[in-house]
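Undergrad: My structure is stored as upload34.pdb, with PDB, C-alpha atoms.
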ATOM      1  CA  MET A   1     -41.574 -24.175  20.457
ATOM      2  CA  LYS A   2     -38.752 -22.995  22.699
ATOM      3  CA  SER A   3     -38.413 -24.220  26.239
ATOM      4  CA  GLU A   4     -39.223 -21.727  28.968
ATOM      5  CA  ARG A   5     -35.531 -21.458  29.827
ATOM      6  CA  ASN A   6     -34.555 -20.608  26.251
ATOM      7  CA  LYS A   7     -34.187 -16.823  26.225
ATOM      8  CA  THR A   8     -32.882 -16.498  22.672
ATOM      9  CA  ILE A   9     -34.238 -13.425  20.876
ATOM     10  CA  ASP A  10     -35.287 -14.622  17.438
ATOM     11  CA  PHE A  11     -38.698 -13.148  16.600
ATOM     12  CA  SER A  12     -39.509 -12.296  13.000
ATOM     13  CA  LEU A  13     -41.079  -9.093  11.718
ATOM     14  CA  SER A  14     -44.195 -11.067  10.782
ATOM     15  CA  ASP A  15     -44.918 -11.889  14.417
ATOM     16  CA  GLY A  16     -47.427  -9.053  14.688
ATOM     17  CA  GLU A  17     -47.782  -5.728  16.458
ATOM     18  CA  LYS A  18     -46.070  -7.047  19.591
ATOM     19  CA  TYR A  19     -42.726  -6.897  17.798
ATOM     20  CA  GLU A  20     -43.493  -4.536  14.938
ATOM     21  CA  LYS A  21     -43.158  -1.611  17.378
ATOM     22  CA  TYR A  22     -39.439  -2.311  17.731
ATOM     23  CA  LEU A  23     -38.889  -1.949  14.009
ATOM     24  CA  LEU A  24     -40.824   1.324  14.028
ATOM     25  CA  ARG A  25     -38.341   2.738  16.538
ATOM     26  CA  CYS A  26     -35.550   2.320  14.020
ATOM     27  CA  VAL A  27     -34.667   5.010  11.500
ATOM     28  CA  PRO A  28     -34.314   4.193   7.775
ATOM     29  CA  SER A  29     -31.060   5.621   6.456
ATOM     30  CA  GLU A  30     -32.883   7.964   4.052
ATOM     31  CA  ASN A  31     -34.676   9.574   7.019
ATOM     32  CA  TYR A  32     -31.700   9.632   9.375
ATOM     33  CA  ARG A  33     -30.417  13.046  10.438
ATOM     34  CA  GLY A  34     -27.330  12.069  12.406
ATOM     35  CA  GLU A  35     -28.859  11.917  15.893
ATOM     36  CA  ALA A  36     -27.271   9.851  18.647
ATOM     37  CA  ASP A  37     -28.992   6.952  20.403
ATOM     38  CA  ARG A  38     -30.438   5.630  17.180
ATOM     39  CA  THR A  39     -30.546   2.283  15.384
ATOM     40  CA  VAL A  40     -30.272   3.070  11.674
ATOM     41  CA  ILE A  41     -31.553   0.644   9.051
ATOM     42  CA  GLY A  42     -29.352   0.847   6.028
ATOM     43  CA  ASP A  43     -26.057   0.250   4.343
ATOM     44  CA  LEU A  44     -23.017   1.681   6.119
ATOM     45  CA  PHE A  45     -21.880   3.589   3.044
ATOM     46  CA  THR A  46     -25.273   5.276   2.726
ATOM     47  CA  ALA A  47     -25.970   6.059   6.371
ATOM     48  CA  ILE A  48     -22.486   7.101   7.505
ATOM     49  CA  GLY A  49     -22.676  10.379   5.618
ATOM     50  CA  LYS A  50     -25.408  11.578   7.994
ATOM     51  CA  VAL A  51     -23.198  11.161  11.086
ATOM     52  CA  LYS A  52     -21.669  14.447  12.190
ATOM     53  CA  ASP A  53     -17.987  14.833  11.320
ATOM     54  CA  ARG A  54     -15.515  14.561  14.230
ATOM     55  CA  SER A  55     -18.242  13.489  16.637
ATOM     56  CA  VAL A  56     -17.311   9.870  17.436
ATOM     57  CA  ASP A  57     -15.212   9.071  20.511
ATOM     58  CA  LEU A  58     -15.063   5.307  20.037
ATOM     59  CA  LEU A  59     -15.470   3.142  16.938
ATOM     60  CA  ILE A  60     -16.243  -0.552  17.404
ATOM     61  CA  VAL A  61     -16.335  -2.541  14.165
ATOM     62  CA  ASP A  62     -17.351  -6.158  13.669
ATOM     63  CA  PRO A  63     -17.235  -6.377   9.868
ATOM     64  CA  PRO A  64     -18.058  -9.486   7.856
ATOM     65  CA  TYR A  65     -15.065 -11.783   8.106
ATOM     66  CA  ASN A  66     -13.642 -12.890   4.807
ATOM     67  CA  LEU A  67     -15.672 -16.077   4.501
ATOM     68  CA  PHE A  68     -19.107 -17.104   3.313
ATOM     69  CA  LYS A  69     -21.758 -16.244   5.899
ATOM     70  CA  ASP A  70     -25.506 -15.795   5.693
ATOM     71  CA  PHE A  71     -26.856 -12.849   7.686
ATOM     72  CA  GLY A  72     -30.616 -13.308   7.729
ATOM     73  CA  GLY A  73     -30.965 -13.712   3.983
ATOM     74  CA  LYS A  74     -28.141 -11.341   3.039
ATOM     75  CA  SER A  75     -24.916 -13.210   2.443
ATOM     76  CA  PHE A  76     -21.292 -12.168   2.383
ATOM     77  CA  ARG A  77     -19.126 -14.156   0.016
ATOM     78  CA  LYS A  78     -15.423 -14.744   0.499
ATOM     79  CA  LEU A  79     -13.272 -12.366  -1.528
ATOM     80  CA  GLY A  80      -9.737 -12.577  -2.792
ATOM     81  CA  LYS A  81      -7.178 -11.035  -0.435
ATOM     82  CA  ASP A  82      -6.775  -7.904  -2.543
ATOM     83  CA  ASP A  83     -10.525  -7.419  -2.863
ATOM     84  CA  TYR A  84     -11.065  -7.873   0.877
ATOM     85  CA  ALA A  85      -8.308  -5.346   1.546
ATOM     86  CA  LEU A  86     -10.084  -2.894  -0.793
ATOM     87  CA  TYR A  87     -13.377  -3.545   1.021
ATOM     88  CA  THR A  88     -11.657  -2.850   4.353
ATOM     89  CA  GLU A  89     -10.083   0.326   3.000
ATOM     90  CA  LYS A  90     -13.504   1.439   1.742
ATOM     91  CA  TRP A  91     -15.252   1.280   5.121
ATOM     92  CA  ILE A  92     -12.223   2.786   6.891
ATOM     93  CA  LYS A  93     -12.250   5.794   4.540
ATOM     94  CA  ALA A  94     -15.984   6.163   5.149
ATOM     95  CA  VAL A  95     -15.675   6.340   8.950
ATOM     96  CA  ILE A  96     -12.456   8.373   9.315
ATOM     97  CA  PRO A  97     -14.115  11.812   8.897
ATOM     98  CA  LYS A  98     -16.547  10.946  11.715
ATOM     99  CA  LEU A  99     -13.841  10.282  14.297
ATOM    100  CA  LYS A 100     -12.501  12.799  16.791
ATOM    101  CA  PRO A 101      -8.698  13.208  16.782
ATOM    102  CA  THR A 102      -8.763  11.534  20.229
ATOM    103  CA  ALA A 103     -10.886   8.559  19.111
ATOM    104  CA  SER A 104     -10.022   4.908  19.619
ATOM    105  CA  ILE A 105     -10.828   2.078  17.219
ATOM    106  CA  TYR A 106     -11.452  -1.624  17.813
ATOM    107  CA  VAL A 107     -11.908  -4.040  14.903
ATOM    108  CA  CYS A 108     -12.947  -7.674  15.313
ATOM    109  CA  CYS A 109     -11.597 -10.348  12.970
ATOM    110  CA  ASP A 110     -10.763 -14.016  12.715
ATOM    111  CA  TRP A 111      -7.218 -15.284  12.277
ATOM    112  CA  GLU A 112      -7.360 -15.195   8.486
ATOM    113  CA  SER A 113      -8.985 -11.792   8.001
ATOM    114  CA  SER A 114      -6.716 -10.309  10.681
ATOM    115  CA  LEU A 115      -3.747 -10.772   8.340
ATOM    116  CA  ILE A 116      -5.434  -8.338   5.961
ATOM    117  CA  ILE A 117      -7.258  -6.008   8.359
ATOM    118  CA  GLY A 118      -4.233  -5.355  10.563
ATOM    119  CA  GLU A 119      -2.122  -4.186   7.635
ATOM    120  CA  VAL A 120      -4.860  -1.930   6.255
ATOM    121  CA  LEU A 121      -5.608  -0.429   9.686
ATOM    122  CA  ASN A 122      -1.956   0.409  10.149
ATOM    123  CA  ASN A 123      -2.088   2.625   7.067
ATOM    124  CA  SER A 124      -4.699   4.945   8.598
ATOM    125  CA  PHE A 125      -4.311   4.684  12.376
ATOM    126  CA  ILE A 126      -1.731   4.057  15.080
ATOM    127  CA  LEU A 127      -1.953   0.343  15.761
ATOM    128  CA  ARG A 128      -1.643  -0.226  19.521
ATOM    129  CA  ASN A 129      -2.301  -3.889  20.177
ATOM    130  CA  ARG A 130      -4.040  -7.069  19.132
ATOM    131  CA  ILE A 131      -6.371  -8.648  21.669
ATOM    132  CA  THR A 132      -7.050 -12.364  21.323
ATOM    133  CA  TRP A 133     -10.127 -13.798  22.990
ATOM    134  CA  GLN A 134     -11.018 -17.433  23.445
ATOM    135  CA  ARG A 135     -14.451 -18.078  21.978
ATOM    136  CA  GLU A 136     -14.673 -21.619  23.385
ATOM    137  CA  LYS A 137     -17.074 -22.548  20.628
ATOM    138  CA  GLY A 138     -15.879 -23.811  17.281
ATOM    139  CA  ARG A 139     -16.097 -26.860  15.061
ATOM    140  CA  GLY A 140     -13.443 -29.500  15.233
ATOM    141  CA  ALA A 141     -11.374 -30.343  12.175
ATOM    142  CA  LYS A 142      -9.773 -33.640  11.175
ATOM    143  CA  ARG A 143      -6.739 -32.053   9.530
ATOM    144  CA  ASN A 144      -6.364 -28.786  11.402
ATOM    145  CA  TRP A 145      -6.571 -27.235  14.851
ATOM    146  CA  LYS A 146     -10.021 -26.324  16.127
ATOM    147  CA  ASN A 147     -10.629 -22.622  15.478
ATOM    148  CA  SER A 148     -11.825 -21.157  18.791
ATOM    149  CA  MET A 149      -9.973 -17.825  18.922
ATOM    150  CA  GLU A 150     -10.701 -14.380  17.501
ATOM    151  CA  ASP A 151      -8.706 -11.171  17.375
ATOM    152  CA  ILE A 152      -9.582  -7.551  18.089
ATOM    153  CA  PHE A 153      -7.219  -4.863  16.829
ATOM    154  CA  PHE A 154      -6.841  -1.784  19.027
ATOM    155  CA  ALA A 155      -5.852   1.439  17.281
ATOM    156  CA  THR A 156      -6.072   5.185  17.854
ATOM    157  CA  CYS A 157      -6.276   8.266  15.671
ATOM    158  CA  GLY A 158      -3.412   9.922  17.523
ATOM    159  CA  GLU A 159      -1.256   9.970  20.616
ATOM    160  CA  ASP A 160      -3.933  11.622  22.760
ATOM    161  CA  TYR A 161      -6.550   8.993  23.567
ATOM    162  CA  THR A 162      -8.610   7.581  26.456
ATOM    163  CA  PHE A 163      -7.594   4.456  28.311
ATOM    164  CA  ASN A 164      -9.282   3.881  31.676
ATOM    165  CA  LEU A 165      -7.114   1.145  33.159
ATOM    166  CA  ASP A 166      -8.874   0.983  36.528
ATOM    167  CA  ALA A 167     -12.234   0.450  34.828
ATOM    168  CA  VAL A 168     -11.157  -2.842  33.237
ATOM    169  CA  LYS A 169      -9.053  -4.514  35.890
ATOM    170  CA  GLN A 170      -9.730  -8.188  36.524
ATOM    171  CA  ARG A 171     -10.353  -9.600  39.982
ATOM    172  CA  ARG A 172      -8.545 -12.890  40.467
ATOM    173  CA  LYS A 173      -8.138 -15.266  43.366
ATOM    174  CA  VAL A 174      -4.759 -15.038  45.070
ATOM    175  CA  LEU A 175      -3.081 -18.434  45.039
ATOM    176  CA  ALA A 176       0.106 -17.419  46.850
ATOM    177  CA  PRO A 177      -0.791 -14.540  49.198
ATOM    178  CA  TYR A 178       2.299 -12.549  50.173
ATOM    179  CA  ARG A 179       2.357 -10.326  53.226
ATOM    180  CA  GLU A 180       4.720  -7.520  54.100
ATOM    181  CA  ASN A 181       4.984  -6.761  57.829
ATOM    182  CA  GLY A 182       1.874  -8.875  58.290
ATOM    183  CA  VAL A 183      -0.157  -6.807  55.810
ATOM    184  CA  PRO A 184      -1.454  -8.189  52.494
ATOM    185  CA  LYS A 185       0.714  -6.895  49.629
ATOM    186  CA  ASP A 186      -1.219  -5.979  46.475
ATOM    187  CA  TRP A 187      -4.231  -8.088  47.437
ATOM    188  CA  GLU A 188      -7.307  -7.872  49.625
ATOM    189  CA  GLU A 189      -8.697 -10.325  52.139
ATOM    190  CA  THR A 190     -12.499 -10.468  52.226
ATOM    191  CA  ALA A 191     -15.189 -12.736  53.652
ATOM    192  CA  ASP A 192     -15.347 -14.401  50.225
ATOM    193  CA  GLY A 193     -11.622 -15.029  49.896
ATOM    194  CA  LYS A 194      -8.347 -13.415  48.902
ATOM    195  CA  PHE A 195      -8.384 -11.347  45.703
ATOM    196  CA  ARG A 196      -6.099  -9.206  43.594
ATOM    197  CA  ASP A 197      -7.219  -6.694  40.966
ATOM    198  CA  THR A 198      -4.823  -7.206  38.056
ATOM    199  CA  CYS A 199      -4.060  -5.205  34.926
ATOM    200  CA  PRO A 200      -5.823  -6.714  31.908
ATOM    201  CA  SER A 201      -3.718  -8.465  29.291
ATOM    202  CA  ASN A 202      -4.358  -8.820  25.578
ATOM    203  CA  PHE A 203      -5.458 -12.449  26.009
ATOM    204  CA  TRP A 204      -9.032 -12.845  27.235
ATOM    205  CA  ASP A 205     -10.178 -16.240  28.456
ATOM    206  CA  ASP A 206     -12.911 -15.092  30.849
ATOM    207  CA  ILE A 207     -15.774 -14.437  28.424
ATOM    208  CA  SER A 208     -18.624 -16.825  27.634
ATOM    209  CA  VAL A 209     -20.108 -16.684  24.159
ATOM    210  CA  PRO A 210     -23.868 -15.987  24.506
ATOM    211  CA  TYR A 211     -25.932 -19.159  24.609
ATOM    212  CA  TRP A 212     -29.610 -20.079  24.711
ATOM    213  CA  SER A 213     -30.294 -19.521  28.420
ATOM    214  CA  MET A 214     -28.683 -16.056  28.530
ATOM    215  CA  ALA A 215     -30.956 -13.020  28.212
ATOM    216  CA  GLU A 216     -28.508 -11.309  25.845
ATOM    217  CA  ASN A 217     -28.526 -14.168  23.345
ATOM    218  CA  THR A 218     -29.997 -13.658  19.888
ATOM    219  CA  ALA A 219     -30.210 -15.754  16.742
ATOM    220  CA  HIS A 220     -27.601 -13.565  15.030
ATOM    221  CA  PRO A 221     -24.890 -15.889  13.653
ATOM    222  CA  THR A 222     -21.868 -13.851  14.838
ATOM    223  CA  GLN A 223     -23.079 -12.069  17.974
ATOM    224  CA  LYS A 224     -20.365 -10.749  20.293
ATOM    225  CA  PRO A 225     -20.736 -11.069  24.088
ATOM    226  CA  GLU A 226     -21.781  -7.996  26.054
ATOM    227  CA  LYS A 227     -18.867  -8.552  28.429
ATOM    228  CA  LEU A 228     -16.375  -8.306  25.584
ATOM    229  CA  ILE A 229     -17.851  -5.053  24.301
ATOM    230  CA  ALA A 230     -18.094  -3.680  27.847
ATOM    231  CA  LYS A 231     -14.337  -3.999  28.269
ATOM    232  CA  LEU A 232     -13.743  -1.999  25.092
ATOM    233  CA  ILE A 233     -16.234   0.717  26.002
ATOM    234  CA  LEU A 234     -15.089   1.113  29.606
ATOM    235  CA  ALA A 235     -11.420   1.223  28.636
ATOM    236  CA  SER A 236     -11.667   3.611  25.707
ATOM    237  CA  SER A 237     -14.544   5.991  26.401
ATOM    238  CA  ASN A 238     -16.068   8.045  29.182
ATOM    239  CA  ALA A 239     -19.645   8.589  30.317
ATOM    240  CA  GLY A 240     -21.527  10.630  27.718
ATOM    241  CA  ASP A 241     -19.124   9.788  24.874
ATOM    242  CA  LEU A 242     -20.435   8.687  21.493
ATOM    243  CA  VAL A 243     -19.828   5.094  20.361
ATOM    244  CA  LEU A 244     -20.340   4.176  16.693
ATOM    245  CA  ASP A 245     -20.915   0.646  15.413
ATOM    246  CA  PRO A 246     -21.270   0.623  11.607
ATOM    247  CA  PHE A 247     -22.001  -3.137  11.420
ATOM    248  CA  ALA A 248     -24.392  -3.249  14.371
ATOM    249  CA  GLY A 249     -25.911  -6.712  13.952
ATOM    250  CA  SER A 250     -28.320  -7.411  16.810
ATOM    251  CA  GLY A 251     -27.218  -4.329  18.722
ATOM    252  CA  THR A 252     -24.727  -5.523  21.327
ATOM    253  CA  THR A 253     -22.554  -2.399  21.137
ATOM    254  CA  ALA A 254     -25.568  -0.081  21.455
ATOM    255  CA  VAL A 255     -27.013  -2.067  24.361
ATOM    256  CA  VAL A 256     -23.747  -2.049  26.298
ATOM    257  CA  ALA A 257     -23.181   1.631  25.554
ATOM    258  CA  LYS A 258     -26.621   2.404  26.976
ATOM    259  CA  LYS A 259     -26.017   0.280  30.070
ATOM    260  CA  LEU A 260     -22.736   2.100  30.699
ATOM    261  CA  GLY A 261     -24.028   5.639  30.161
ATOM    262  CA  ARG A 262     -22.624   6.292  26.689
ATOM    263  CA  LYS A 263     -24.373   7.561  23.579
ATOM    264  CA  TYR A 264     -24.500   5.274  20.553
ATOM    265  CA  ILE A 265     -25.204   5.041  16.846
ATOM    266  CA  GLY A 266     -25.724   1.585  15.333
ATOM    267  CA  ILE A 267     -25.977   1.066  11.564
ATOM    268  CA  GLU A 268     -27.346  -2.254  10.300
ATOM    269  CA  GLN A 269     -28.855  -3.190   6.936
ATOM    270  CA  ASN A 270     -31.009  -6.111   8.167
ATOM    271  CA  PRO A 271     -34.356  -4.777   9.515
ATOM    272  CA  THR A 272     -34.959  -7.859  11.678
ATOM    273  CA  TYR A 273     -31.613  -7.461  13.430
ATOM    274  CA  CYS A 274     -32.446  -3.786  13.984
ATOM    275  CA  ALA A 275     -35.725  -4.766  15.644
ATOM    276  CA  TRP A 276     -33.873  -7.219  17.891
ATOM    277  CA  ALA A 277     -31.518  -4.398  18.840
ATOM    278  CA  GLU A 278     -34.409  -2.122  19.804
ATOM    279  CA  TYR A 279     -35.989  -4.916  21.842
ATOM    280  CA  ARG A 280     -32.722  -5.340  23.737
ATOM    281  CA  LEU A 281     -32.329  -1.586  24.184
ATOM    282  CA  GLU A 282     -35.763  -1.446  25.805
ATOM    283  CA  LYS A 283     -34.798  -4.220  28.214
ATOM    284  CA  ALA A 284     -31.601  -2.307  29.044
ATOM    285  CA  ASP A 285     -33.699   0.436  30.633
ATOM    286  CA  GLU A 286     -34.287  -1.877  33.592
ATOM    287  CA  ASP A 287     -31.562  -4.525  33.357
ATOM    288  CA  LYS A 288     -28.079  -3.010  33.499
ATOM    289  CA  GLU A 289     -26.326  -6.282  34.316
ATOM    290  CA  ILE A 290     -23.295  -7.316  32.279
ATOM    291  CA  GLN A 291     -21.783 -10.774  32.538
ATOM    292  CA  GLY A 292     -18.923 -10.835  35.043
ATOM    293  CA  LEU A 293     -18.981  -7.087  35.848
ATOM    294  CA  LYS A 294     -19.787  -6.166  39.445
ATOM    295  CA  ASP A 295     -18.807  -3.269  41.688
ATOM    296  CA  GLY A 296     -16.710  -1.720  38.935
ATOM    297  CA  VAL A 297     -14.463  -4.721  38.317
ATOM    298  CA  PHE A 298     -14.465  -7.738  36.007
ATOM    299  CA  TRP A 299     -14.426 -10.878  38.094
ATOM    300  CA  ASP A 300     -12.448 -13.861  36.895
ATOM    301  CA  ARG A 301     -14.823 -16.723  36.198
ATOM    302  CA  ASN A 302     -13.209 -18.763  38.960
ATOM    303  CA  ALA A 303     -13.740 -16.047  41.556
ATOM    304  CA  LYS A 304     -16.865 -15.831  43.674
ATOM    305  CA  MET A 305     -19.436 -13.135  42.938
ATOM    306  CA  LYS A 306     -22.272 -12.303  45.308
TER     307      LYS A 306
END
Before anything else, please render the file you have as C-alpha cells.
TA:
Amino acid sequence: MKSERNKTIDFSLSDGEKYEKYLLRCVPSENYRGEADRTVIGDLFTAIGKVKDRSVDLLIVDPPYNLFKDFGGKSFRKLGKDDYALYTEKWIKAVIPKLKPTASIYVCCDWESSLIIGEVLNNSFILRNRITWQREKGRGAKRNWKNSMEDIFFATCGEDYTFNLDAVKQRRKVLAPYRENGVPKDWEETADGKFRDTCPSNFWDDISVPYWSMAENTAHPTQKPEKLIAKLILASSNAGDLVLDPFAGSGTTAVVAKKLGRKYIGIEQNPTYCAWAEYRLEKADEDKEIQGLKDGVFWDRNAKMK
C-alpha cells in the first residue's frame, strides 16, 4: 500500500474498469488515421506512416539509451556502436518525412549514447547545440564519477525555425544590484526581492527529477520532468503547433503540450504506459501547473514564488 502522500501513477491494466477506460482512449496503431491529440499504441516504425507528411512543428525524442533497460516487460539490450548508430538512423529516416521544413528537433541521450546520436543527427539536420541537464539522481560508483547528467541535442531542419527566447527566460535573484542614475539596470525590484530575467544557457541545473510526492510522477523507469519538456516546447513551438513524440513513455511530452496549448501525437508500444499517459492527460484538463513556471517565466529554484 502506498502512503497517502505518494502520488506515483503506477496502476496496472488489471485494476478494473476504473483504469481500463484510459486504455480505451488510446488508439492501436492499426486503427490510427493520423489525427492529432492522440496516444497511439504501437511500434514507432508501424505507426509513424499514418502521421501526415510535413505536419510536425516540433519533434521531441527520448529513445532507448544504448544500455540494458526493462520497460514494463519489454527490454532494450545494449547494442554495438555501429548497430546503435543504424538503429538511430532508422528512426530518423522514419520521422524526417513528417517534419515541416521549419521544424525543430530535440533528442535526449546519456553521455555514452550522445557520442553516437550527435554524429548521426548531424548527417540529417543542422545541429544547433547540446543542452546538458543535471539529473541529481544517479548511483555512485567506486571506480568512476557518479553519472548524474544527461544531454539533449537541439537541431533544426533548416535555417528558418522557431525560437521564443522570452518564453524560456529564467528569473534569478540579483546578488549585486547595479543602478544607473538611481534606476535598477536590467533587474526589477519587487516586494519579494530583486530579480533579473536572464537568457537561458545550455546547462540546466534548476529541474527536479519527478519523485514520489509529485503529481506528475509515474513508475516509468526513465520519465523526463515536465519542466524540462516545457522549456523545449515553449522555446521551439507556438500555440496550436503539432508536437510529435515517437517514444512517448508515460506521456510527459503530450501532457505538457496540452497544458501549453499545443497539439500532440504520442507513439508508445507499451499499453500500460499509454494508459498512464491518458490518465495524466485527463488531469491536465484542470491542472495546468508546471514545476517552476509562473507568470510566463521559469523561476530559479532559489528564487521565491508566490
Undergrad: Report, in Å to a single decimal, how far apart atom CA of Arg172 of chain A and atom CA of Ala254 of chain A are.
TA: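 Those two atoms sit 28.6 Å apart.
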Undergrad: Which residue, A:Leu260, A:Cys199, A:Ile267, A:Leu281, has the smallest gap to Gly34 of chain A when you use all atoms listed in the file?
TA: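 Of A:Leu260, A:Cys199, A:Ile267, A:Leu281, the one nearest Gly34 of chain A, counting all atoms listed in the file, is A:Ile267.
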Undergrad: Given all atoms listed in the file as the basis, pick out the residue of A:Thr198, A:Ser148, A:Thr132, A:Ser12 nearest to Val297 of chain A.
TA: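 Under the stated criterion, the closest residue is A:Thr198.
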Undergrad: Quick one: residues within 12 Å of Asn164 of chain A, all atoms listed in the file, excluding same-chain residues fewer than 5 positions away - as a list of chain:residue names?
TA: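 Within the cut-off, the hits are A:Lys169, A:Cys199, A:Pro200, A:Lys231, A:Leu232, A:Ile233, A:Leu234, A:Ala235, A:Ser236, A:Ser237, A:Asn238, A:Ala239, A:Gly296.
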Undergrad: So that I can check the surroundings of segment 67-76 of chain A, please list as a list in words every protein, DNA and RNA residue that reaches within 10 Å of it, counting only C-alpha atoms and ignoring chain neighbours fewer than 3 positions away.
TA: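 Listed by chain and then number, they are Pro64, Leu79, Asp110, Glu112, Ser113, Ala219, His220, Pro221, Thr222, Gly249, Gln269, Asn270, Pro271, Thr272 and Tyr273 of chain A.
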Undergrad: Go ahead and save the picked residues with C-alpha atoms, as a PDB file, in the coordinates of the input.
TA:
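For reference, selection13.pdb as written:
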ATOM      1  CA  PRO A  64     -18.058  -9.486   7.856  1.00  0.00           C
ATOM      2  CA  LEU A  79     -13.272 -12.366  -1.528  1.00  0.00           C
ATOM      3  CA  ASP A 110     -10.763 -14.016  12.715  1.00  0.00           C
ATOM      4  CA  GLU A 112      -7.360 -15.195   8.486  1.00  0.00           C
ATOM      5  CA  SER A 113      -8.985 -11.792   8.001  1.00  0.00           C
ATOM      6  CA  ALA A 219     -30.210 -15.754  16.742  1.00  0.00           C
ATOM      7  CA  HIS A 220     -27.601 -13.565  15.030  1.00  0.00           C
ATOM      8  CA  PRO A 221     -24.890 -15.889  13.653  1.00  0.00           C
ATOM      9  CA  THR A 222     -21.868 -13.851  14.838  1.00  0.00           C
ATOM     10  CA  GLY A 249     -25.911  -6.712  13.952  1.00  0.00           C
ATOM     11  CA  GLN A 269     -28.855  -3.190   6.936  1.00  0.00           C
ATOM     12  CA  ASN A 270     -31.009  -6.111   8.167  1.00  0.00           C
ATOM     13  CA  PRO A 271     -34.356  -4.777   9.515  1.00  0.00           C
ATOM     14  CA  THR A 272     -34.959  -7.859  11.678  1.00  0.00           C
ATOM     15  CA  TYR A 273     -31.613  -7.461  13.430  1.00  0.00           C
TER      16      TYR A 273
END
Undergrad: Check which residues satisfy the PyMOL selection byres ((chain A and resi 206) around 12) in the file shown, then give them as number ranges by chain.
TA: A: 132-136, 170-172, 200-205, 207-209, 225, 227-228, 231, 291-293, 298-303
Undergrad: Can you find the residues with an atom no farther than 8 Å from (-28.7, 9.1, 9.9), counting only C-alpha atoms, and report them as a short mmCIF file (atom, residue, chain, number, x, y, z; two decimals) with C-alpha atoms, keeping the file's coordinate frame?
TA:
data_model
loop_
_atom_site.label_atom_id
_atom_site.label_comp_id
_atom_site.auth_asym_id
_atom_site.auth_seq_id
_atom_site.Cartn_x
_atom_site.Cartn_y
_atom_site.Cartn_z
CA VAL A 27 -34.67 5.01 11.50
CA PRO A 28 -34.31 4.19 7.78
CA SER A 29 -31.06 5.62 6.46
CA GLU A 30 -32.88 7.96 4.05
CA ASN A 31 -34.68 9.57 7.02
CA TYR A 32 -31.70 9.63 9.38
CA ARG A 33 -30.42 13.05 10.44
CA GLY A 34 -27.33 12.07 12.41
CA GLU A 35 -28.86 11.92 15.89
CA VAL A 40 -30.27 3.07 11.67
CA ALA A 47 -25.97 6.06 6.37
CA ILE A 48 -22.49 7.10 7.50
CA GLY A 49 -22.68 10.38 5.62
CA LYS A 50 -25.41 11.58 7.99
CA VAL A 51 -23.20 11.16 11.09
#
Undergrad: What are the nearest atom pairs, with distances in Å to one decimal, for all residues of segment 18-114 of chain A that come at most 12 Å from segment 157-163 of chain A, using all atoms listed in the file, set out by chain and rising residue number as a Markdown table?
TA:
| residue | atom | partner | partner_atom | distance |
| --- | --- | --- | --- | --- |
| A:Arg54 | CA | A:Cys157 | CA | 11.3 |
| A:Val56 | CA | A:Cys157 | CA | 11.3 |
| A:Asp57 | CA | A:Thr162 | CA | 9.0 |
| A:Leu58 | CA | A:Thr162 | CA | 9.4 |
| A:Leu59 | CA | A:Cys157 | CA | 10.6 |
| A:Ile92 | CA | A:Cys157 | CA | 11.9 |
| A:Val95 | CA | A:Cys157 | CA | 11.7 |
| A:Ile96 | CA | A:Cys157 | CA | 8.9 |
| A:Pro97 | CA | A:Cys157 | CA | 11.0 |
| A:Lys98 | CA | A:Cys157 | CA | 11.3 |
| A:Leu99 | CA | A:Cys157 | CA | 7.9 |
| A:Lys100 | CA | A:Cys157 | CA | 7.8 |
| A:Pro101 | CA | A:Cys157 | CA | 5.6 |
| A:Thr102 | CA | A:Tyr161 | CA | 4.7 |
| A:Ala103 | CA | A:Cys157 | CA | 5.8 |
| A:Ser104 | CA | A:Cys157 | CA | 6.4 |
| A:Ile105 | CA | A:Cys157 | CA | 7.8 |
| A:Tyr106 | CA | A:Cys157 | CA | 11.4 |
Undergrad: Please save C-alpha atoms of the selected residues as a short mmCIF file (atom, residue, chain, number, x, y, z; two decimals), in the coordinates of the input.
TA:
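Contents of the output file result20.cif:
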data_model
loop_
_atom_site.label_atom_id
_atom_site.label_comp_id
_atom_site.auth_asym_id
_atom_site.auth_seq_id
_atom_site.Cartn_x
_atom_site.Cartn_y
_atom_site.Cartn_z
CA ARG A 54 -15.52 14.56 14.23
CA VAL A 56 -17.31 9.87 17.44
CA ASP A 57 -15.21 9.07 20.51
CA LEU A 58 -15.06 5.31 20.04
CA LEU A 59 -15.47 3.14 16.94
CA ILE A 92 -12.22 2.79 6.89
CA VAL A 95 -15.68 6.34 8.95
CA ILE A 96 -12.46 8.37 9.32
CA PRO A 97 -14.12 11.81 8.90
CA LYS A 98 -16.55 10.95 11.72
CA LEU A 99 -13.84 10.28 14.30
CA LYS A 100 -12.50 12.80 16.79
CA PRO A 101 -8.70 13.21 16.78
CA THR A 102 -8.76 11.53 20.23
CA ALA A 103 -10.89 8.56 19.11
CA SER A 104 -10.02 4.91 19.62
CA ILE A 105 -10.83 2.08 17.22
CA TYR A 106 -11.45 -1.62 17.81
#
Undergrad: Using only C-alpha atoms, find the one residue out of A:Trp91, A:Phe247, A:Tyr264, A:Phe11 that sits nearest to Ile117 of chain A.
TA: A:Trp91
Undergrad: Could you pull the residues within 12 Å of Glu286 of chain A, counting only C-alpha atoms, minus those fewer than 3 positions along the same chain, as a list in words?
TA: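 The residues that qualify are Val255, Lys258, Lys259, Arg280, Leu281, Glu282, Lys283 and Glu289 of chain A.
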Undergrad: Could you write out as a list in words the residues that the PyMOL selection byres ((chain A and resi 8) around 9) matches in the shown file?
TA: Lys2, Asn6, Lys7, Ile9, Asp10, Tyr211, Trp212, Ser213, Met214, Ala215, Glu216, Asn217, Thr218 and Ala219 of chain A
Undergrad: Give me, please, the distance in Å between atom CA of Asn122 of chain A and atom CA of Ala167 of chain A, quoted to one decimal.
TA: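 Those two atoms sit 26.7 Å apart.
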Undergrad: For the atom pair atom CA of Lys21 of chain A and atom CA of Asp285 of chain A, what is the interatomic distance in Å to one decimal place?
TA: 16.4 Å
